[in-house]
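Trainee: The following file, target35.cif, comprises mmCIF, C-alpha atoms and all ligand atoms:
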```cif
data_run
loop_
_atom_site.label_atom_id
_atom_site.label_comp_id
_atom_site.auth_asym_id
_atom_site.auth_seq_id
_atom_site.Cartn_x
_atom_site.Cartn_y
_atom_site.Cartn_z
CA MET A 1 -9.32 1.61 23.05
CA LEU A 2 -7.93 3.24 19.94
CA LEU A 3 -10.14 4.41 17.05
CA ILE A 4 -8.30 4.83 13.74
CA ILE A 5 -9.63 6.69 10.72
CA GLU A 6 -8.17 6.15 7.24
CA SER A 7 -9.25 8.13 4.15
CA THR A 8 -6.02 8.88 2.30
CA CYS A 9 -7.09 7.70 -1.16
CA ASP A 10 -10.24 5.88 -2.24
CA GLU A 11 -11.03 3.64 0.74
CA THR A 12 -13.00 4.96 3.69
CA ALA A 13 -11.94 2.89 6.68
CA ALA A 14 -12.16 2.81 10.47
CA ALA A 15 -10.93 0.32 13.05
CA VAL A 16 -10.96 -0.19 16.79
CA ILE A 17 -7.78 -1.74 18.22
CA ASP A 18 -7.09 -2.47 21.86
CA GLU A 19 -3.89 -1.97 23.87
CA LYS A 20 -2.72 -5.52 23.04
CA LEU A 21 -3.03 -4.85 19.29
CA GLN A 22 -6.11 -7.03 18.99
CA ILE A 23 -8.46 -6.03 16.18
CA ARG A 24 -11.82 -5.41 17.83
CA GLY A 25 -13.64 -4.03 14.77
CA SER A 26 -12.65 -3.01 11.25
CA VAL A 27 -14.58 -1.63 8.29
CA VAL A 28 -13.30 -0.79 4.79
CA ALA A 29 -15.68 0.84 2.29
CA SER A 30 -14.02 0.55 -1.10
CA GLN A 31 -14.77 3.03 -3.89
CA ASP A 32 -13.48 0.79 -6.71
CA GLU A 33 -16.95 0.67 -8.34
CA LEU A 34 -17.15 4.46 -8.38
CA HIS A 35 -13.82 4.99 -10.15
CA ARG A 36 -13.87 1.92 -12.41
CA ILE A 37 -15.34 3.62 -15.49
CA TYR A 38 -12.58 6.27 -15.35
CA GLY A 39 -9.78 3.69 -15.07
CA GLY A 40 -8.29 5.49 -12.06
CA VAL A 41 -9.17 7.41 -8.91
CA VAL A 42 -10.96 10.73 -9.56
CA PRO A 43 -9.95 12.89 -6.56
CA GLU A 44 -13.11 15.00 -6.42
CA LEU A 45 -15.37 11.94 -6.51
CA ALA A 46 -13.22 10.26 -3.86
CA SER A 47 -13.52 13.13 -1.37
CA ARG A 48 -17.30 13.41 -1.89
CA ALA A 49 -17.71 9.68 -1.30
CA HIS A 50 -15.60 9.92 1.88
CA VAL A 51 -17.93 12.66 3.18
CA GLU A 52 -20.96 10.41 2.66
CA ARG A 53 -19.36 7.31 4.16
CA ILE A 54 -17.10 8.42 6.98
CA LEU A 55 -19.72 8.55 9.77
CA PRO A 56 -21.48 5.27 8.89
CA VAL A 57 -18.06 3.58 8.60
CA ILE A 58 -16.97 4.82 12.05
CA ASP A 59 -20.34 3.80 13.55
CA GLU A 60 -20.06 0.34 12.04
CA ALA A 61 -16.48 -0.17 13.28
CA LEU A 62 -17.58 0.74 16.82
CA ARG A 63 -20.63 -1.52 16.54
CA ARG A 64 -18.53 -4.48 15.36
CA ALA A 65 -16.09 -3.86 18.21
CA ASP A 66 -18.98 -3.51 20.67
CA VAL A 67 -17.31 -0.36 21.95
CA THR A 68 -19.03 2.96 22.72
CA LEU A 69 -17.56 6.41 22.08
CA ALA A 70 -17.21 6.80 25.86
CA GLU A 71 -14.86 3.80 25.97
CA LEU A 72 -12.34 5.31 23.52
CA THR A 73 -9.06 6.55 24.95
CA VAL A 74 -7.38 7.89 21.81
CA VAL A 75 -8.26 8.76 18.19
CA ALA A 76 -5.78 8.43 15.31
CA VAL A 77 -5.94 9.56 11.70
CA CYS A 78 -3.73 9.10 8.64
CA ASN A 79 -2.86 12.67 7.64
CA THR A 80 -0.06 11.92 5.12
CA PRO A 81 0.55 11.16 2.25
CA GLY A 82 -2.56 11.06 0.07
CA LEU A 83 -5.10 13.05 -1.91
CA ALA A 84 -5.71 16.44 -0.28
CA GLY A 85 -9.52 16.31 -0.43
CA SER A 86 -9.61 12.73 0.85
CA LEU A 87 -7.18 13.38 3.71
CA LEU A 88 -9.21 16.40 4.86
CA VAL A 89 -12.37 14.35 5.38
CA GLY A 90 -10.68 11.87 7.73
CA LEU A 91 -8.84 14.62 9.58
CA ALA A 92 -12.02 16.67 10.10
CA ALA A 93 -13.84 13.61 11.46
CA ALA A 94 -10.96 12.76 13.83
CA LYS A 95 -10.68 16.33 15.11
CA ALA A 96 -14.43 16.56 15.67
CA LEU A 97 -14.37 13.38 17.76
CA CYS A 98 -11.36 14.56 19.78
CA ALA A 99 -12.92 17.97 20.42
CA ALA A 100 -16.31 16.54 21.39
CA LEU A 101 -14.98 13.70 23.57
CA ASP A 102 -11.87 15.49 24.86
CA LEU A 103 -9.56 12.75 23.56
CA PRO A 104 -5.91 12.87 22.44
CA LEU A 105 -5.28 12.95 18.69
CA VAL A 106 -2.47 10.94 17.07
CA ALA A 107 -1.21 11.49 13.51
CA VAL A 108 -0.28 8.46 11.41
CA ASN A 109 1.82 8.28 8.26
CA HIS A 110 -0.04 6.02 5.81
CA LEU A 111 3.17 4.43 4.48
CA HIS A 112 4.51 3.65 7.94
CA ALA A 113 1.10 2.14 8.67
CA HIS A 114 1.38 -0.15 5.62
CA VAL A 115 4.59 -1.57 7.15
CA TYR A 116 2.99 -1.79 10.59
CA ALA A 117 0.28 -4.09 9.16
CA CYS A 118 3.00 -6.76 9.48
CA ARG A 119 3.45 -5.99 13.18
CA VAL A 120 -0.28 -6.26 13.87
CA ALA A 121 -0.51 -9.58 12.00
CA ALA A 122 2.68 -11.03 13.53
CA GLN A 123 1.63 -10.29 17.13
CA GLU A 124 5.34 -10.13 17.95
CA GLU A 125 8.08 -7.53 17.57
CA VAL A 126 9.27 -7.01 13.98
CA PHE A 127 11.49 -3.93 14.46
CA PRO A 128 14.26 -3.14 13.59
CA CYS A 129 13.66 -4.11 9.95
CA ILE A 130 13.51 -3.05 6.35
CA GLY A 131 10.01 -1.73 5.67
CA PHE A 132 8.85 -2.08 2.08
CA VAL A 133 5.66 -0.45 0.82
CA VAL A 134 4.44 -1.47 -2.64
CA SER A 135 1.15 0.27 -3.22
CA GLY A 136 -0.83 2.20 -5.81
CA GLY A 137 0.82 5.48 -4.91
CA HIS A 138 4.25 4.43 -3.65
CA SER A 139 7.11 1.95 -3.93
CA THR A 140 9.23 2.88 -0.94
CA LEU A 141 12.00 1.20 1.03
CA PHE A 142 12.51 2.27 4.64
CA ASP A 143 15.26 1.63 7.13
CA CYS A 144 13.12 1.17 10.27
CA ARG A 145 15.23 1.32 13.43
CA SER A 146 12.02 1.21 15.46
CA ALA A 147 8.29 1.73 14.97
CA LEU A 148 9.00 5.44 15.41
CA GLU A 149 12.08 5.80 13.19
CA PHE A 150 11.45 5.36 9.48
CA ASN A 151 14.19 6.58 7.14
CA VAL A 152 13.57 6.51 3.40
CA LEU A 153 16.23 4.49 1.54
CA GLY A 154 14.65 4.85 -1.89
CA GLY A 155 11.42 5.21 -3.76
CA THR A 156 9.79 5.55 -7.09
CA ILE A 157 11.00 8.22 -9.47
CA ASP A 158 7.96 7.90 -11.74
CA ASP A 159 5.13 5.37 -11.52
CA ALA A 160 4.62 3.36 -8.34
CA ALA A 161 4.40 -0.43 -8.70
CA GLY A 162 0.61 -0.48 -8.28
CA GLU A 163 0.20 2.44 -10.65
CA ALA A 164 2.16 0.48 -13.27
CA PHE A 165 -0.17 -2.52 -12.73
CA ASP A 166 -3.19 -0.23 -13.12
CA LYS A 167 -1.88 1.49 -16.28
CA VAL A 168 -0.78 -1.75 -17.95
CA GLY A 169 -4.10 -3.33 -16.97
CA SER A 170 -5.93 -0.56 -18.77
CA LEU A 171 -3.56 -0.88 -21.79
CA LEU A 172 -4.43 -4.60 -21.99
CA GLY A 173 -8.15 -3.85 -21.76
CA LEU A 174 -8.50 -5.44 -18.29
CA SER A 175 -10.81 -4.22 -15.53
CA TYR A 176 -9.84 -1.68 -12.84
CA PRO A 177 -7.90 -1.94 -10.57
CA GLY A 178 -5.30 -3.52 -12.82
CA GLY A 179 -3.33 -5.40 -10.13
CA PRO A 180 -5.78 -8.21 -9.36
CA ALA A 181 -6.87 -8.35 -13.03
CA ILE A 182 -3.28 -8.76 -14.27
CA GLU A 183 -2.56 -11.42 -11.64
CA LYS A 184 -5.61 -13.41 -12.78
CA THR A 185 -4.83 -13.05 -16.49
CA ALA A 186 -1.13 -13.82 -15.94
CA ALA A 187 -2.02 -17.23 -14.50
CA THR A 188 -2.58 -18.55 -18.04
CA GLY A 189 0.38 -16.68 -19.58
CA ASN A 190 4.07 -17.38 -20.05
CA PRO A 191 6.26 -15.11 -17.88
CA LYS A 192 9.19 -15.72 -20.23
CA ALA A 193 7.30 -14.83 -23.44
CA PHE A 194 8.72 -11.29 -23.35
CA ARG A 195 11.94 -10.16 -21.71
CA PHE A 196 10.87 -6.74 -20.40
CA PRO A 197 13.33 -4.24 -18.86
CA ARG A 198 14.22 -4.49 -15.17
CA THR A 199 15.16 -0.85 -14.59
CA PHE A 200 17.99 -0.21 -12.05
CA ALA A 201 18.17 -3.95 -11.25
CA ASN A 202 21.95 -3.93 -11.57
CA ASP A 203 22.33 -0.46 -10.14
CA ASP A 204 23.22 0.31 -6.51
CA ARG A 205 20.56 2.97 -6.12
CA LEU A 206 17.49 1.87 -4.19
CA ASP A 207 15.04 3.71 -6.44
CA PHE A 208 12.38 2.37 -8.77
CA SER A 209 11.24 3.32 -12.25
CA PHE A 210 8.42 1.52 -14.01
CA SER A 211 7.57 3.91 -16.83
CA GLY A 212 10.03 2.28 -19.28
CA LEU A 213 8.47 -1.11 -18.56
CA LYS A 214 5.01 0.28 -19.22
CA THR A 215 6.21 1.70 -22.57
CA ALA A 216 7.80 -1.65 -23.47
CA VAL A 217 4.46 -3.42 -22.89
CA ARG A 218 2.72 -0.79 -25.00
CA TYR A 219 5.04 -1.42 -27.97
CA ALA A 220 4.84 -5.20 -27.58
CA LEU A 221 1.06 -4.84 -27.87
CA ALA A 222 1.05 -2.36 -30.76
CA PRO A 223 4.35 -1.82 -32.61
CA GLN A 224 5.70 1.69 -33.12
CA GLY A 225 3.63 3.60 -35.67
CA THR A 226 0.42 1.72 -34.81
CA GLU A 227 -2.29 2.62 -32.29
CA VAL A 228 -3.15 0.56 -29.19
CA ALA A 229 -6.81 1.02 -30.12
CA ASP A 230 -6.17 -0.76 -33.45
CA ALA A 231 -4.37 -3.74 -31.88
CA ARG A 232 -6.32 -7.01 -31.98
CA PRO A 233 -4.40 -9.15 -29.48
CA THR A 234 -5.39 -12.77 -28.88
CA GLN A 235 -6.30 -13.85 -25.35
CA GLN A 236 -3.01 -15.75 -25.21
CA LEU A 237 -0.99 -12.67 -26.17
CA ILE A 238 -2.70 -10.64 -23.45
CA ALA A 239 -1.97 -13.40 -20.91
CA ASP A 240 1.68 -13.58 -22.01
CA LEU A 241 2.08 -9.80 -21.79
CA ALA A 242 0.46 -9.76 -18.34
CA ALA A 243 2.65 -12.61 -17.07
CA SER A 244 5.88 -11.13 -18.50
CA PHE A 245 5.06 -7.68 -17.12
CA GLN A 246 4.23 -9.08 -13.67
CA GLU A 247 7.49 -11.06 -13.67
CA ALA A 248 9.53 -7.95 -14.46
CA VAL A 249 7.91 -5.94 -11.63
CA VAL A 250 8.29 -8.80 -9.14
CA ASP A 251 11.97 -9.32 -10.07
CA VAL A 252 12.80 -5.65 -9.58
CA LEU A 253 10.95 -5.41 -6.25
CA ILE A 254 12.75 -8.45 -4.86
CA ARG A 255 16.14 -7.29 -6.12
CA LYS A 256 15.75 -3.89 -4.45
CA ALA A 257 14.58 -5.45 -1.17
CA GLU A 258 17.69 -7.66 -1.22
CA GLN A 259 19.92 -4.66 -1.84
CA ALA A 260 18.29 -2.71 1.01
CA LEU A 261 18.85 -5.64 3.39
CA ALA A 262 22.47 -5.98 2.30
CA ARG A 263 23.16 -2.26 2.64
CA THR A 264 21.71 -1.92 6.15
CA GLY A 265 22.48 -5.35 7.58
CA HIS A 266 18.85 -5.84 8.69
CA ARG A 267 17.71 -9.48 8.87
CA VAL A 268 13.97 -8.80 8.93
CA LEU A 269 11.81 -7.62 6.01
CA CYS A 270 8.26 -6.29 6.45
CA VAL A 271 6.21 -5.82 3.29
CA GLY A 272 2.84 -4.13 2.88
CA GLY A 273 0.73 -2.21 0.35
CA GLY A 274 -1.74 -3.36 -2.31
CA VAL A 275 0.83 -4.98 -4.62
CA ALA A 276 1.98 -7.21 -1.74
CA ALA A 277 -1.35 -9.03 -2.22
CA ASN A 278 0.07 -10.39 -5.50
CA GLY A 279 0.51 -14.17 -5.31
CA ARG A 280 3.50 -14.35 -7.65
CA PHE A 281 5.30 -11.66 -5.62
CA ARG A 282 4.53 -13.40 -2.33
CA THR A 283 5.81 -16.77 -3.56
CA LYS A 284 9.00 -15.50 -5.19
CA LEU A 285 9.78 -13.20 -2.26
CA GLN A 286 9.33 -16.05 0.22
CA GLU A 287 11.74 -18.20 -1.80
CA ALA A 288 14.31 -15.40 -2.05
CA MET A 289 14.20 -14.55 1.67
CA GLN A 290 14.45 -18.22 2.63
CA ARG A 291 17.61 -18.43 0.48
CA ASN A 292 18.99 -15.29 2.15
CA GLY A 293 18.08 -16.40 5.70
CA VAL A 294 15.95 -13.28 6.22
CA ARG A 295 12.84 -13.32 8.43
CA LEU A 296 9.98 -12.23 6.17
CA HIS A 297 6.67 -10.71 7.21
CA ILE A 298 4.19 -9.99 4.42
CA ALA A 299 0.94 -8.43 5.53
CA PRO A 300 -2.03 -10.80 5.13
CA ARG A 301 -3.91 -9.97 1.91
CA GLU A 302 -6.77 -8.14 3.64
CA LEU A 303 -4.25 -5.87 5.38
CA CYS A 304 -2.26 -5.18 2.16
CA THR A 305 -4.78 -2.92 0.46
CA ASP A 306 -5.84 0.19 2.35
CA ASN A 307 -7.43 -0.38 5.75
CA ALA A 308 -7.51 1.30 9.16
CA VAL A 309 -6.13 -1.63 11.20
CA MET A 310 -2.57 -0.87 10.06
CA GLY A 311 -2.94 2.56 11.69
CA ALA A 312 -2.45 0.71 15.01
CA ILE A 313 1.06 2.18 14.80
CA ALA A 314 -0.72 5.06 16.59
CA TRP A 315 -0.38 3.10 19.86
CA GLU A 316 3.42 3.31 19.53
CA ARG A 317 3.24 7.05 18.91
CA PHE A 318 0.76 7.61 21.72
CA ARG A 319 2.93 5.73 24.21
CA ALA A 320 5.92 7.82 23.14
CA GLY A 321 3.92 10.98 23.87
CA LEU A 322 3.55 11.96 20.21
CA VAL A 323 0.14 13.59 20.53
CA GLU A 324 -1.10 16.39 18.24
CA THR A 325 -3.11 19.53 18.85
CA LEU A 326 -6.28 20.32 16.89
CA GLU A 327 -4.06 22.50 14.66
CA LEU A 328 -2.88 19.29 12.94
CA ASP A 329 -2.96 19.64 9.14
CA ILE A 330 -2.79 17.29 6.17
CA ILE A 331 0.48 16.73 4.27
CA PRO A 332 -0.51 15.37 0.83
CA GLY A 333 3.05 14.86 -0.51
CA LEU A 334 5.62 12.29 0.55
CA GLN A 335 8.08 13.53 3.16
CA ARG A 336 11.62 12.26 2.84
O1 LIG A 401 -2.20 0.08 -0.84
P1 LIG A 401 -3.32 0.34 -1.78
O2 LIG A 401 -4.69 -0.19 -1.45
O3 LIG A 401 -3.52 1.87 -2.05
C1 LIG A 401 -2.51 2.83 -1.98
O4 LIG A 401 -2.11 3.23 -0.86
O5 LIG A 401 -2.05 3.21 -3.09
O6 LIG A 401 -2.83 -0.24 -3.19
C2 LIG A 401 -3.65 -0.25 -4.32
C3 LIG A 401 -2.84 -0.81 -5.47
C4 LIG A 401 -3.53 -0.71 -6.83
O7 LIG A 401 -2.63 -0.11 -7.73
C5 LIG A 401 -3.81 -2.16 -7.20
O8 LIG A 401 -3.77 -2.40 -8.59
C6 LIG A 401 -2.70 -2.89 -6.48
O9 LIG A 401 -2.56 -2.20 -5.25
N1 LIG A 401 -3.02 -4.30 -6.23
C7 LIG A 401 -2.36 -5.33 -6.79
C8 LIG A 401 -3.04 -6.51 -6.38
N2 LIG A 401 -4.08 -6.16 -5.57
C9 LIG A 401 -4.06 -4.79 -5.50
N3 LIG A 401 -1.28 -5.36 -7.59
C10 LIG A 401 -0.85 -6.57 -8.01
N4 LIG A 401 -1.45 -7.74 -7.69
C11 LIG A 401 -2.54 -7.76 -6.87
N5 LIG A 401 -3.11 -8.92 -6.55
ZN ZN A 402 -2.10 2.54 0.78
#
```
Give the structure from this file in structure tokens form.
Ligand code: KG4
Ligand code: ZN
Mentor:
Amino acid sequence: MLLIIESTCDETAAAVIDEKLQIRGSVVASQDELHRIYGGVVPELASRAHVERILPVIDEALRRADVTLAELTVVAVCNTPGLAGSLLVGLAAAKALCAALDLPLVAVNHLHAHVYACRVAAQEEVFPCIGFVVSGGHSTLFDCRSALEFNVLGGTIDDAAGEAFDKVGSLLGLSYPGGPAIEKTAATGNPKAFRFPRTFANDDRLDFSFSGLKTAVRYALAPQGTEVADARPTQQLIADLAASFQEAVVDVLIRKAEQALARTGHRVLCVGGGVAANGRFRTKLQEAMQRNGVRLHIAPRELCTDNAVMGAIAWERFRAGLVETLELDIIPGLQR
């Protein structure tokens, strides 16, 4: 039995997964309520909340799995990338368990885990593939030769896709996190009302930039020389801006995934991360991949946003002998 601990950002999560990749127990304690009034994650609050929740969350995951500590064979923890204070809480908990129970410790990369959510859900091999993570902190394309070989093809040079959703959500006066709020509001809007920029769409590079799009929404809401705070948009204008913004992000994400597939020759695409929960993205991506004859795996919605189940990639690492010592440290930044 594998116990996975996830605390990279603002979700405290633990899961128990067996050798056959069956989910035996999973718990996610979200901190959305805590950070809502600030319109974004406050790192110091996040790490304090992890400290309070980590042990009850682990206990509850074991209880749901009906597994005792003595039945565990390996402990895994996401140690990169993420917020330093948040990562440290999960790592300390994992090390303590390994030291006390004399168990092997496996390190998991949170972004690789987002891709692996597709493998857990599919219950069949998905590698080699293009791995695509669209989350609050990252928009990253990987060439995955196997579950152990992830090579970065491109990523965000400014805001990640989810970050853009969150910032535009706050600009439009919607609740935090912005992604689900924009999706809901966009349902009554016209995606063609505004033609927002699709940065790098016709460029070969596999990188993303969403800050120009965010600025374009800002000026569509309140023209140059006027303040956003003074804008008095109608509900319909907000819905149109949300729908047009969402369409621009979705178009760029799909275009880049297509380019990554074409460049590498892979015929399988695995998509994870919070933004992959977006209905418009899921529908348009499915249509595009059907047209291209590509096998598409999108993580089920509950495995898109942060969770510990996706850390089941630790089984692959464990079987390959990739076990850590208790010297293991956190790596907050993204490694190329
Ligand atoms: O993967 P995740 O839980 O955390 C990170 O690793 O960053 O992703 C959170 C992000 C947030 O920015 C949130 O706004 C976005 O995912 N998100 C969505 C939707 N649900 C969550 N974005 C667009 N549409 C959604 N339905
Ligand atoms: Zn994540």
Trainee: Could you give me the residues within 8 Å of ligand ZN 402 (chain A), counting all atoms listed in the file, as JSON, numbers by chain?
Mentor: {"A": [8, 9, 110, 111, 114, 135, 136, 137, 138, 273, 274, 304, 305, 306, 307]}
Trainee: Between A:Asn202, A:Gln235, A:Thr283, A:Gln246, which is the closest to ligand LIG 401 (chain A) once you count all atoms listed in the file?
Mentor: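 Counting all atoms listed in the file, the residue closest to ligand LIG 401 (chain A) is A:Gln246.
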Trainee: Near A:Ala260, counting all atoms listed in the file, which residues have an atom at most 8 Å away, once you skip same-chain residues fewer than 4 positions from it, shown as a list in words?
Mentor: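 Counting all atoms listed in the file, the residues come to Ile130, Leu141, Leu153, Leu206, Lys256 and Thr264 of chain A.
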Trainee: Between atom CA of A:Ala70 and atom CA of A:Ile23, what is the distance, to one decimal in Å?
Mentor: 18.3 Å
Trainee: With distances taken over only C-alpha atoms, which residue among A:Met289, A:Cys144, A:Ala277, A:Ala320 lies nearest A:Leu303?
Mentor: A:Ala277
Trainee: Nearest to ligand LIG 401 (chain A) among A:Asp329, A:Glu324, A:Glu6, A:Asp230, with distances taken over only C-alpha atoms and all ligand atoms: which residue is it?
Mentor: A:Glu6
Trainee: In terms of the shortest atom-to-atom distance over all atoms listed in the file, which of A:Ala164, A:Leu69, A:Ala84, A:Val250 is closest to A:Ile331?
Mentor: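 Smallest separation from A:Ile331 among the options: A:Ala84.
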Trainee: If we count all atoms listed in the file and set the cut-off at 6 Å, which residues sit around A:Ala193, ignoring sequence neighbours fewer than 2 positions away in its own chain? Please answer as a compact mmCIF listing (two decimals) with C-alpha atoms, keeping the file's coordinate frame.
Mentor:
```
# COMPACT_ATOMS: atom_id res chain seq x y z
CA ASN A 190 4.07 -17.38 -20.05
CA PRO A 191 6.26 -15.11 -17.88
CA ASP A 240 1.68 -13.58 -22.01
```
Trainee: For a quick check of understanding, using only C-alpha atoms, which of A:Ser244, A:Glu125, A:Asp204, A:Glu183 has the smallest distance to A:Arg282?
Mentor: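 The shortest atom-to-atom distance to A:Arg282 comes from A:Glu183.
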Trainee: In Å, how far is it from atom CA of A:Asp158 to atom CA of A:Leu253?
Mentor: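 Taking atom CA of A:Asp158 as the start and atom CA of A:Leu253 as the end point, the length is 14.7 Å.
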Trainee: What is the distance, in Å and to one decimal place, between atom CA of A:Val115 and atom CA of A:Leu34?
Mentor: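 Distance reported for this atom pair: 27.4 Å.
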Trainee: Find, counting all atoms listed in the file, the residue in A:Val275, A:Leu3, A:Leu322, A:Ala216 that gets nearest to ligand LIG 401 (chain A).
Mentor: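 Counting all atoms listed in the file, the residue closest to ligand LIG 401 (chain A) is A:Val275.
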Trainee: Tell me, as a list of chain:residue names, which residues lie within 10 Å of A:Ala29, counting only C-alpha atoms; anything in the same chain fewer than 4 positions away does not count.
Mentor: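 Returned residues: A:Ser7, A:Asp10, A:Glu11, A:Thr12, A:Ala13, A:Ala14, A:Ala49, A:His50, A:Arg53, A:Ile54, A:Pro56, A:Val57, A:Asp306, A:Asn307.
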Trainee: Need the shell around A:Gly85: protein/DNA/RNA residues with any atom at most 12 Å away, counting all atoms listed in the file. Skip same-chain ones fewer than 3 positions apart. Format as a PyMOL selection string?
Mentor: chain A and resi 7-10+42-51+79-82+88-92+330-332
Trainee: How big is the axis-aligned box around the listed atoms of stretch 11-20 of chain A once 3 Å is added on each side, and where is its centre? Give both in Å to one decimal, as AutoDock Vina command-line options.
Mentor:
```
--center_x -7.9 --center_y -0.3 --center_z 12.3 --size_x 16.3 --size_y 16.5 --size_z 29.1
```
Trainee: Could you list, as an NGL selection string, every residue within 12 Å of A:Ala239, counting only C-alpha atoms and ignoring same-chain residues fewer than 3 positions away?
Mentor: :A and (169 or 172-174 or 181-194 or 221 or 233-236 or 242-246)
